[in-house]
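What follows is the content of entry-v8.pdb, which has PDB, C-alpha atoms:
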```pdb
MODEL        1
ATOM      1  CA  MET A   1       0.000   0.000   0.000
ATOM      2  CA  THR A   2       1.466   3.298  -1.025
ATOM      3  CA  ILE A   3       0.346   6.743  -0.027
ATOM      4  CA  TYR A   4       1.413   9.496  -2.392
ATOM      5  CA  SER A   5       0.158  12.781  -1.036
ATOM      6  CA  PHE A   6      -2.203  14.564   1.282
ATOM      7  CA  TYR A   7      -3.913  17.946   0.852
ATOM      8  CA  ILE A   8      -6.126  20.132   3.018
ATOM      9  CA  PHE A   9      -8.167  22.937   1.451
ATOM     10  CA  ASP A  10      -9.967  25.490   3.578
ATOM     11  CA  ARG A  11     -13.398  26.945   2.867
ATOM     12  CA  HIS A  12     -11.874  29.825   0.938
ATOM     13  CA  CYS A  13     -10.604  27.252  -1.581
ATOM     14  CA  GLU A  14      -7.057  27.842  -0.463
ATOM     15  CA  CYS A  15      -4.631  25.005  -0.001
ATOM     16  CA  ILE A  16      -3.537  25.187   3.628
ATOM     17  CA  TYR A  17      -1.496  22.026   3.846
ATOM     18  CA  VAL A  18       0.344  19.727   1.443
ATOM     19  CA  LYS A  19       2.421  16.710   2.197
ATOM     20  CA  GLN A  20       3.920  14.423  -0.394
ATOM     21  CA  TRP A  21       5.509  11.076   0.155
ATOM     22  CA  HIS A  22       7.335   8.811  -2.276
ATOM     23  CA  GLN A  23       8.292  11.672  -4.541
ATOM     24  CA  ARG A  24      10.553  13.729  -2.427
ATOM     25  CA  ASP A  25      10.209  14.289   1.292
ATOM     26  CA  ARG A  26       9.290  17.909   1.531
ATOM     27  CA  THR A  27       6.413  20.001   2.685
ATOM     28  CA  PHE A  28       5.146  23.185   1.174
ATOM     29  CA  ARG A  29       2.939  25.582   3.091
ATOM     30  CA  PRO A  30       1.516  28.372   0.960
ATOM     31  CA  THR A  31       1.718  31.712   2.702
ATOM     32  CA  SER A  32      -1.658  33.387   2.787
ATOM     33  CA  SER A  33      -1.899  37.014   1.718
ATOM     34  CA  SER A  34      -2.988  38.032   5.209
ATOM     35  CA  ALA A  35       0.250  36.721   6.673
ATOM     36  CA  SER A  36       2.456  38.782   4.389
ATOM     37  CA  THR A  37       0.761  42.031   5.386
ATOM     38  CA  VAL A  38       1.479  41.461   9.053
ATOM     39  CA  ASP A  39       4.757  43.154   9.808
ATOM     40  CA  SER A  40       5.736  41.530  13.053
ATOM     41  CA  PRO A  41       9.304  40.185  13.028
ATOM     42  CA  VAL A  42       8.090  36.648  13.473
ATOM     43  CA  ALA A  43       5.827  36.790  10.444
ATOM     44  CA  LEU A  44       8.584  38.387   8.415
ATOM     45  CA  ALA A  45      11.015  35.706   9.421
ATOM     46  CA  SER A  46       8.634  32.958   8.489
ATOM     47  CA  ASP A  47       7.873  34.746   5.222
ATOM     48  CA  ARG A  48      11.507  34.943   4.343
ATOM     49  CA  HIS A  49      11.909  31.323   5.271
ATOM     50  CA  SER A  50       9.073  30.197   3.050
ATOM     51  CA  SER A  51      10.182  32.316   0.130
ATOM     52  CA  THR A  52      13.662  30.837   0.206
ATOM     53  CA  SER A  53      12.289  27.361   0.517
ATOM     54  CA  SER A  54       9.948  27.901  -2.424
ATOM     55  CA  LYS A  55      12.858  29.222  -4.456
ATOM     56  CA  LEU A  56      14.767  26.111  -3.538
ATOM     57  CA  GLN A  57      11.871  23.970  -4.663
ATOM     58  CA  ASN A  58      11.774  25.719  -8.006
ATOM     59  CA  GLU A  59      15.412  24.972  -8.535
ATOM     60  CA  VAL A  60      15.009  21.366  -7.562
ATOM     61  CA  HIS A  61      11.913  20.735  -9.654
ATOM     62  CA  PRO A  62      12.857  20.445 -13.301
ATOM     63  CA  SER A  63      15.483  17.797 -12.682
ATOM     64  CA  SER A  64      13.679  15.780 -10.053
ATOM     65  CA  ARG A  65      10.257  15.566 -11.633
ATOM     66  CA  GLY A  66      10.960  15.860 -15.324
ATOM     67  CA  GLY A  67       8.364  18.006 -17.040
ATOM     68  CA  ARG A  68       6.014  17.713 -14.103
ATOM     69  CA  LEU A  69       4.196  20.485 -12.349
ATOM     70  CA  SER A  70       5.270  22.174  -9.149
ATOM     71  CA  VAL A  71       3.659  21.273  -5.839
ATOM     72  CA  GLN A  72       1.587  24.450  -5.878
ATOM     73  CA  ASP A  73       0.234  23.833  -9.364
ATOM     74  CA  ASP A  74      -0.518  20.237  -8.476
ATOM     75  CA  ALA A  75      -2.521  21.436  -5.488
ATOM     76  CA  LYS A  76      -4.520  23.818  -7.665
ATOM     77  CA  LEU A  77      -5.336  21.062 -10.131
ATOM     78  CA  VAL A  78      -6.298  18.663  -7.349
ATOM     79  CA  PHE A  79      -8.615  21.283  -5.933
ATOM     80  CA  GLY A  80     -10.161  21.911  -9.342
ATOM     81  CA  VAL A  81     -10.797  18.234  -9.843
ATOM     82  CA  VAL A  82     -12.376  17.513  -6.470
ATOM     83  CA  PHE A  83     -14.419  20.708  -6.619
ATOM     84  CA  SER A  84     -15.837  19.867 -10.052
ATOM     85  CA  LEU A  85     -16.508  16.238  -9.201
ATOM     86  CA  ARG A  86     -18.191  17.174  -5.945
ATOM     87  CA  ASN A  87     -20.471  19.610  -7.769
ATOM     88  CA  MET A  88     -21.160  17.046 -10.443
ATOM     89  CA  VAL A  89     -22.159  14.411  -7.889
ATOM     90  CA  ARG A  90     -24.389  16.863  -6.055
ATOM     91  CA  LYS A  91     -26.077  17.941  -9.228
ATOM     92  CA  LEU A  92     -26.765  14.384 -10.304
ATOM     93  CA  SER A  93     -28.048  12.875  -7.090
ATOM     94  CA  GLY A  94     -28.973  15.652  -4.724
ATOM     95  CA  PRO A  95     -27.174  17.897  -2.248
ATOM     96  CA  ASP A  96     -26.968  15.249   0.484
ATOM     97  CA  ASP A  97     -24.926  12.855  -1.616
ATOM     98  CA  SER A  98     -21.181  13.148  -1.354
ATOM     99  CA  PHE A  99     -18.303  12.248  -3.571
ATOM    100  CA  ILE A 100     -16.076   9.635  -1.892
ATOM    101  CA  SER A 101     -13.295   8.655  -4.241
ATOM    102  CA  TYR A 102     -12.219   8.075  -7.786
ATOM    103  CA  ARG A 103      -9.515   5.964  -9.286
ATOM    104  CA  THR A 104      -7.562   5.970 -12.501
ATOM    105  CA  GLY A 105      -5.234   3.294 -13.851
ATOM    106  CA  SER A 106      -2.414   4.462 -11.612
ATOM    107  CA  TYR A 107      -3.760   6.062  -8.447
ATOM    108  CA  LYS A 108      -6.816   6.560  -6.303
ATOM    109  CA  LEU A 109      -8.027   9.822  -4.802
ATOM    110  CA  HIS A 110      -9.962   9.797  -1.535
ATOM    111  CA  TYR A 111     -12.037  12.757  -0.524
ATOM    112  CA  TYR A 112     -13.667  13.897   2.687
ATOM    113  CA  GLU A 113     -15.445  17.160   3.296
ATOM    114  CA  THR A 114     -16.446  18.457   6.700
ATOM    115  CA  ALA A 115     -19.625  20.389   7.419
ATOM    116  CA  THR A 116     -17.539  23.560   7.435
ATOM    117  CA  ASN A 117     -16.355  22.916   3.867
ATOM    118  CA  LEU A 118     -12.854  21.878   4.813
ATOM    119  CA  LYS A 119     -11.669  19.428   2.188
ATOM    120  CA  PHE A 120      -9.291  16.575   2.921
ATOM    121  CA  VAL A 121      -7.740  14.799  -0.040
ATOM    122  CA  LEU A 122      -5.508  11.744  -0.032
ATOM    123  CA  LEU A 123      -3.831  10.162  -3.052
ATOM    124  CA  THR A 124      -2.950   6.492  -2.748
ATOM    125  CA  ASP A 125      -2.289   3.542  -4.989
ATOM    126  CA  VAL A 126      -5.182   1.807  -6.703
ATOM    127  CA  LYS A 127      -5.584  -1.166  -4.375
ATOM    128  CA  MET A 128      -6.339   0.909  -1.283
ATOM    129  CA  ASN A 129      -9.772   0.414   0.240
ATOM    130  CA  ASN A 130     -12.110   3.213   1.139
ATOM    131  CA  LEU A 131     -10.289   5.736   3.332
ATOM    132  CA  LYS A 132     -13.128   8.108   4.142
ATOM    133  CA  VAL A 133     -13.050   6.978   7.765
ATOM    134  CA  VAL A 134      -9.323   7.573   7.906
ATOM    135  CA  LEU A 135      -9.689  11.111   6.581
ATOM    136  CA  HIS A 136     -12.416  11.707   9.118
ATOM    137  CA  GLN A 137     -10.061  10.579  11.853
ATOM    138  CA  ILE A 138      -7.308  12.839  10.585
ATOM    139  CA  TYR A 139      -9.781  15.678  10.828
ATOM    140  CA  VAL A 140     -11.064  14.809  14.287
ATOM    141  CA  ASN A 141      -7.878  13.644  15.963
ATOM    142  CA  LEU A 142      -5.203  15.712  14.258
ATOM    143  CA  TYR A 143      -6.643  18.744  12.552
ATOM    144  CA  VAL A 144      -9.040  19.751  15.303
ATOM    145  CA  GLU A 145      -6.423  19.046  17.963
ATOM    146  CA  PHE A 146      -3.370  20.724  16.440
ATOM    147  CA  GLY A 147      -4.141  22.144  13.025
ATOM    148  CA  GLU A 148      -7.109  24.290  13.916
ATOM    149  CA  PHE A 149      -4.986  26.169  16.392
ATOM    150  CA  PHE A 150      -2.379  26.719  13.725
ATOM    151  CA  SER A 151      -4.686  28.025  11.046
ATOM    152  CA  ILE A 152      -6.566  30.390  13.337
ATOM    153  CA  GLU A 153      -3.763  31.647  15.536
ATOM    154  CA  HIS A 154      -0.892  31.663  13.101
ATOM    155  CA  PRO A 155      -2.110  32.210   9.589
ATOM    156  CA  GLY A 156       0.772  31.156   7.379
ATOM    157  CA  GLY A 157       3.133  31.044  10.336
ATOM    158  CA  GLU A 158       5.003  28.271  12.009
ATOM    159  CA  GLY A 159       4.554  27.027  15.522
ATOM    160  CA  VAL A 160       4.820  24.056  17.807
ATOM    161  CA  ALA A 161       1.296  23.048  16.966
ATOM    162  CA  VAL A 162       2.267  22.459  13.345
ATOM    163  CA  GLU A 163       5.085  20.176  14.287
ATOM    164  CA  LEU A 164       2.707  18.221  16.453
ATOM    165  CA  PHE A 165       0.313  18.004  13.536
ATOM    166  CA  GLU A 166       3.028  16.798  11.195
ATOM    167  CA  MET A 167       4.291  14.217  13.634
ATOM    168  CA  GLY A 168       0.765  12.988  14.242
ATOM    169  CA  LEU A 169       0.054  12.823  10.533
ATOM    170  CA  ASP A 170       3.242  10.971   9.771
ATOM    171  CA  SER A 171       2.672   8.306  12.364
ATOM    172  CA  PHE A 172      -0.959   8.039  11.344
ATOM    173  CA  ILE A 173      -0.092   7.533   7.683
ATOM    174  CA  ARG A 174       2.471   4.921   8.620
ATOM    175  CA  THR A 175      -0.217   2.895  10.355
ATOM    176  CA  ILE A 176      -2.353   2.866   7.191
ATOM    177  CA  GLN A 177       0.539   1.917   4.998
ATOM    178  CA  ASP A 178       1.220  -1.293   6.896
TER     179      ASP A 178
ATOM    180  CA  MET B   1     -28.839  -5.538 -12.729
ATOM    181  CA  VAL B   2     -29.439  -1.919 -11.866
ATOM    182  CA  ILE B   3     -27.905   0.516 -14.294
ATOM    183  CA  LEU B   4     -29.091   4.027 -13.619
ATOM    184  CA  SER B   5     -27.948   5.957 -16.615
ATOM    185  CA  LEU B   6     -25.687   6.002 -19.675
ATOM    186  CA  LEU B   7     -23.908   8.962 -21.204
ATOM    187  CA  ILE B   8     -21.779   8.908 -24.315
ATOM    188  CA  LEU B   9     -19.317  11.715 -24.974
ATOM    189  CA  ASN B  10     -17.568  12.309 -28.266
ATOM    190  CA  LYS B  11     -13.849  12.984 -28.378
ATOM    191  CA  ALA B  12     -14.357  16.736 -28.055
ATOM    192  CA  GLY B  13     -16.337  16.378 -24.823
ATOM    193  CA  GLY B  14     -19.715  16.923 -26.440
ATOM    194  CA  LEU B  15     -22.649  14.882 -25.240
ATOM    195  CA  ILE B  16     -23.931  12.632 -28.003
ATOM    196  CA  PHE B  17     -26.179  10.295 -26.035
ATOM    197  CA  GLN B  18     -27.955  10.309 -22.689
ATOM    198  CA  ARG B  19     -30.520   7.947 -21.322
ATOM    199  CA  ASP B  20     -31.835   7.017 -17.874
ATOM    200  CA  PHE B  21     -32.770   3.387 -17.282
ATOM    201  CA  ASN B  22     -33.747   3.331 -13.619
ATOM    202  CA  GLU B  23     -34.735   5.816 -10.965
ATOM    203  CA  GLY B  24     -31.901   7.039  -8.788
ATOM    204  CA  LEU B  25     -30.397  10.079 -10.418
ATOM    205  CA  LYS B  26     -32.054  13.418 -10.794
ATOM    206  CA  LYS B  27     -33.388  14.464 -14.162
ATOM    207  CA  LEU B  28     -31.448  17.404 -15.484
ATOM    208  CA  SER B  29     -32.229  19.679 -18.377
ATOM    209  CA  SER B  30     -30.526  18.836 -21.640
ATOM    210  CA  ASN B  31     -28.409  21.938 -21.255
ATOM    211  CA  ASP B  32     -27.223  20.776 -17.818
ATOM    212  CA  TYR B  33     -26.255  17.421 -19.281
ATOM    213  CA  LEU B  34     -24.181  19.186 -21.909
ATOM    214  CA  VAL B  35     -22.429  21.243 -19.226
ATOM    215  CA  LEU B  36     -21.867  18.119 -17.158
ATOM    216  CA  ALA B  37     -20.331  16.292 -20.114
ATOM    217  CA  GLY B  38     -18.033  19.195 -20.876
ATOM    218  CA  THR B  39     -16.954  19.496 -17.254
ATOM    219  CA  PHE B  40     -16.282  15.813 -17.008
ATOM    220  CA  HIS B  41     -14.238  15.881 -20.185
ATOM    221  CA  GLY B  42     -11.969  18.534 -18.649
ATOM    222  CA  VAL B  43     -11.727  16.811 -15.292
ATOM    223  CA  HIS B  44     -10.870  13.548 -16.997
ATOM    224  CA  ALA B  45      -7.939  15.220 -18.737
ATOM    225  CA  ILE B  46      -6.685  16.771 -15.497
ATOM    226  CA  THR B  47      -6.913  13.521 -13.534
ATOM    227  CA  SER B  48      -4.308  11.955 -15.795
ATOM    228  CA  ARG B  49      -2.134  15.046 -15.376
ATOM    229  CA  ILE B  50      -2.054  15.008 -11.556
ATOM    230  CA  SER B  51      -1.009  11.391 -11.347
ATOM    231  CA  PRO B  52       1.795  10.913  -8.789
ATOM    232  CA  VAL B  53       3.146   8.039 -10.862
ATOM    233  CA  ARG B  54       5.245   8.724 -13.907
ATOM    234  CA  ASN B  55       4.179   7.686 -17.393
ATOM    235  CA  SER B  56       0.770   6.707 -16.201
ATOM    236  CA  GLY B  57      -1.770   6.348 -18.905
ATOM    237  CA  GLY B  58      -5.368   7.365 -18.739
ATOM    238  CA  GLY B  59      -7.625   9.428 -16.566
ATOM    239  CA  LEU B  60     -10.521   8.737 -14.250
ATOM    240  CA  GLU B  61     -11.943   5.227 -14.499
ATOM    241  CA  VAL B  62     -14.266   4.767 -11.537
ATOM    242  CA  LEU B  63     -15.959   7.399  -9.421
ATOM    243  CA  GLU B  64     -17.699   6.493  -6.199
ATOM    244  CA  SER B  65     -20.212   8.432  -4.174
ATOM    245  CA  ASP B  66     -22.621   7.493  -1.411
ATOM    246  CA  ARG B  67     -25.402   6.716  -3.844
ATOM    247  CA  PHE B  68     -23.863   5.672  -7.125
ATOM    248  CA  ARG B  69     -20.806   4.391  -8.839
ATOM    249  CA  MET B  70     -19.747   5.667 -12.204
ATOM    250  CA  GLN B  71     -17.572   3.750 -14.601
ATOM    251  CA  CYS B  72     -15.856   5.659 -17.380
ATOM    252  CA  PHE B  73     -14.576   3.789 -20.404
ATOM    253  CA  GLN B  74     -12.575   5.650 -22.998
ATOM    254  CA  THR B  75     -12.134   4.048 -26.387
ATOM    255  CA  LEU B  76      -8.913   4.364 -28.362
ATOM    256  CA  THR B  77     -10.532   7.039 -30.484
ATOM    257  CA  GLY B  78     -11.447   9.153 -27.447
ATOM    258  CA  THR B  79     -15.152   8.427 -27.167
ATOM    259  CA  LYS B  80     -16.191   8.103 -23.530
ATOM    260  CA  PHE B  81     -18.904   5.876 -22.122
ATOM    261  CA  LEU B  82     -20.120   6.867 -18.660
ATOM    262  CA  ILE B  83     -22.192   4.240 -16.914
ATOM    263  CA  PHE B  84     -23.920   5.105 -13.663
ATOM    264  CA  ALA B  85     -24.874   2.145 -11.499
ATOM    265  CA  GLU B  86     -25.745   1.402  -7.898
ATOM    266  CA  PRO B  87     -22.756   1.550  -5.514
ATOM    267  CA  ASN B  88     -22.351  -2.212  -5.096
ATOM    268  CA  GLN B  89     -23.172  -3.288  -8.623
ATOM    269  CA  PRO B  90     -20.644  -5.954  -9.687
ATOM    270  CA  ASN B  91     -19.246  -6.545 -13.186
ATOM    271  CA  ILE B  92     -19.754  -3.112 -14.648
ATOM    272  CA  ASP B  93     -16.795  -3.834 -16.928
ATOM    273  CA  VAL B  94     -18.867  -6.448 -18.695
ATOM    274  CA  VAL B  95     -21.744  -4.015 -19.129
ATOM    275  CA  VAL B  96     -19.415  -1.364 -20.517
ATOM    276  CA  LYS B  97     -17.946  -3.794 -23.036
ATOM    277  CA  ARG B  98     -21.400  -4.892 -24.148
ATOM    278  CA  VAL B  99     -22.601  -1.312 -24.541
ATOM    279  CA  TYR B 100     -19.504  -0.573 -26.593
ATOM    280  CA  GLU B 101     -20.326  -3.530 -28.825
ATOM    281  CA  LEU B 102     -23.870  -2.302 -29.271
ATOM    282  CA  TYR B 103     -22.505   1.124 -30.132
ATOM    283  CA  ALA B 104     -20.178  -0.382 -32.703
ATOM    284  CA  ASP B 105     -22.908  -2.537 -34.195
ATOM    285  CA  TYR B 106     -25.864  -0.187 -34.279
ATOM    286  CA  VAL B 107     -24.347   3.287 -34.345
ATOM    287  CA  MET B 108     -21.063   3.001 -36.198
ATOM    288  CA  LYS B 109     -22.478   0.585 -38.762
ATOM    289  CA  ASN B 110     -25.504   2.773 -39.381
ATOM    290  CA  PRO B 111     -24.875   4.405 -42.771
ATOM    291  CA  PHE B 112     -26.920   7.462 -41.852
ATOM    292  CA  TYR B 113     -25.052   8.221 -38.649
ATOM    293  CA  GLN B 114     -22.693  11.156 -38.870
ATOM    294  CA  ILE B 115     -19.649  10.668 -36.711
ATOM    295  CA  GLU B 116     -19.304  12.853 -33.566
ATOM    296  CA  MET B 117     -22.940  13.912 -33.860
ATOM    297  CA  PRO B 118     -25.766  13.111 -31.416
ATOM    298  CA  ILE B 119     -26.894   9.507 -31.659
ATOM    299  CA  ARG B 120     -30.412   9.054 -32.950
ATOM    300  CA  CYS B 121     -30.523   5.407 -33.868
ATOM    301  CA  GLU B 122     -33.654   3.532 -32.976
ATOM    302  CA  ALA B 123     -32.047   0.113 -33.238
ATOM    303  CA  PHE B 124     -29.320   1.140 -30.813
ATOM    304  CA  GLU B 125     -31.790   2.292 -28.175
ATOM    305  CA  ARG B 126     -33.936  -0.771 -28.625
ATOM    306  CA  ASN B 127     -31.058  -3.161 -28.163
ATOM    307  CA  LEU B 128     -29.646  -1.133 -25.303
ATOM    308  CA  VAL B 129     -32.896  -1.253 -23.377
ATOM    309  CA  ALA B 130     -33.285  -4.958 -24.160
ATOM    310  CA  TYR B 131     -29.834  -5.609 -22.712
ATOM    311  CA  ILE B 132     -29.947  -3.355 -19.674
ATOM    312  CA  LYS B 133     -33.591  -3.790 -18.709
ATOM    313  CA  PRO B 134     -34.591  -7.270 -19.865
ATOM    314  CA  LYS B 135     -38.285  -7.880 -19.345
TER     315      LYS B 135
ENDMDL
END
```

Would you write out, as structure tokens, the structure that this file holds?
Amino acid sequence: MTIYSFYIFDRHCECIYVKQWHQRDRTFRPTSSSASTVDSPVALASDRHSSTSSKLQNEVHPSSRGGRLSVQDDAKLVFGVVFSLRNMVRKLSGPDDSFISYRTGSYKLHYYETATNLKFVLLTDVKMNNLKVVLHQIYVNLYVEFGEFFSIEHPGGEGVAVELFEMGLDSFIRTIQD
Amino acid sequence: MVILSLLILNKAGGLIFQRDFNEGLKKLSSNDYLVLAGTFHGVHAITSRISPVRNSGGGLEVLESDRFRMQCFQTLTGTKFLIFAEPNQPNIDVVVKRVYELYADYVMKNPFYQIEMPIRCEAFERNLVAYIKPK
């Protein structure tokens, strides 16, 4: 069982968290526009940090992934796909139906949306069973515990809570993979 | 066998056939079906683009929701067959293959059918209904 990547989108359609495995171990956290206007030293420091890291990513990309898209562009496409499919499903069978997953010849995408329109997306290999429950648990046990604090208190910033979230997520994903 | 609906898209993403066989999906206006087909065509292209695996062929094949399961079969020429069935319907592959055969026999071999245009072939519909909803 392989897990390729994990995305969280907030209700403003913004990607607030990306994690990719099995491609290259790195995380990208898009800085929201609100964070860059804050001129506290901490925010500035984290801004500078993220801009250098994104520059680094751009340099790494072409060689490591061939003609593939950057992490940011991937996230935008993933959002577009799940958004369209979700609307399609709702249109076809009513607003209380929900899109669960789709698969192609090479991967499977699992989707879970909370009542507050937070979207959790997980890309795995084709043989994986339904992971809606797993995404729900990530939401309840990890996001609500650690992530919520991060997104409300530190928009675009870095804090202990994020590390806790990452550690939790990593160990959680490892349990599914086995 | 409970097949809810069948849509056929031409290679440009235009809807050329739509028919409901059983209750389960909402009836949309013909314009909405056209929009849906176009949207799906785009999404299908993107799903092959965002694949985490290199050199992976093909886009979306199966879509699952709480209430239905959609199988998408793309022919080598780019025509797409979308079959909506109940979530736990087995052997949709077989149904898709059979529908493709019917399409080949009664649509493509119909001398009056213009390629890429909406399908209005009585024999096709008759055989389709006979296969999917046998009396």

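Shortest separation to chain B among A:Val71, A:Ile138, A:Val162, A:Ile8 occurs at residue A:Val71, atoms counted being only C-alpha atoms.
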
Using the chain letters and residue numbers of this document, give as a PDB file with C-alpha atoms, in the frame of the given file the residues selected by the PyMOL selection byres ((chain B and resi 10) around 10).
```pdb
ATOM      1  CA  ILE B   8     -21.779   8.908 -24.315  1.00  0.00           C
ATOM      2  CA  LEU B   9     -19.317  11.715 -24.974  1.00  0.00           C
ATOM      3  CA  LYS B  11     -13.849  12.984 -28.378  1.00  0.00           C
ATOM      4  CA  ALA B  12     -14.357  16.736 -28.055  1.00  0.00           C
ATOM      5  CA  GLY B  13     -16.337  16.378 -24.823  1.00  0.00           C
ATOM      6  CA  GLY B  14     -19.715  16.923 -26.440  1.00  0.00           C
ATOM      7  CA  LEU B  15     -22.649  14.882 -25.240  1.00  0.00           C
ATOM      8  CA  ILE B  16     -23.931  12.632 -28.003  1.00  0.00           C
ATOM      9  CA  PHE B  17     -26.179  10.295 -26.035  1.00  0.00           C
ATOM     10  CA  ALA B  37     -20.331  16.292 -20.114  1.00  0.00           C
ATOM     11  CA  HIS B  41     -14.238  15.881 -20.185  1.00  0.00           C
ATOM     12  CA  GLN B  74     -12.575   5.650 -22.998  1.00  0.00           C
ATOM     13  CA  THR B  77     -10.532   7.039 -30.484  1.00  0.00           C
ATOM     14  CA  GLY B  78     -11.447   9.153 -27.447  1.00  0.00           C
ATOM     15  CA  THR B  79     -15.152   8.427 -27.167  1.00  0.00           C
ATOM     16  CA  LYS B  80     -16.191   8.103 -23.530  1.00  0.00           C
ATOM     17  CA  PHE B  81     -18.904   5.876 -22.122  1.00  0.00           C
ATOM     18  CA  ILE B 115     -19.649  10.668 -36.711  1.00  0.00           C
ATOM     19  CA  GLU B 116     -19.304  12.853 -33.566  1.00  0.00           C
ATOM     20  CA  MET B 117     -22.940  13.912 -33.860  1.00  0.00           C
ATOM     21  CA  PRO B 118     -25.766  13.111 -31.416  1.00  0.00           C
TER      22      PRO B 118
END
```

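Considering the residues B:Tyr106, B:Gln18, B:Ser5, B:Pro52 and counting all atoms listed in the file, Met70 of chain B has its shortest atom-to-atom contact with B:Ser5.
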
For chain A, the nearest of the candidates B:Ser48, B:Leu4, B:Arg19, B:Leu60, counting all atoms listed in the file: B:Leu60

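If you look at atom CA of Ser171 of chain A and atom CA of Val62 of chain B, they are 29.5 Å away from each other.
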
The PyMOL selection byres ((chain A) within 10 of (chain B)) applied to the shown file, residues as a PyMOL selection string: chain A and resi 3-5+20-23+65-66+68-69+73-78+80-94+96-111+123-125+130

Residues in the PyMOL selection byres ((chain A and resi 143) around 12), expressed as a PyMOL selection string: chain A and resi 8-10+16-17+114+118-120+135-142+144-152+161-169

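One finds atom CA of Val94 of chain B at 23.6 Å from atom CA of Asn110 of chain B.
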
Best match for closeness to Lys109 of chain B among B:Leu82, B:Ser30, B:Arg126, B:Cys121, counting only C-alpha atoms: B:Cys121

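Atom CA of Tyr112 of chain A is positioned 26.4 Å from atom CA of Glu23 of chain B.
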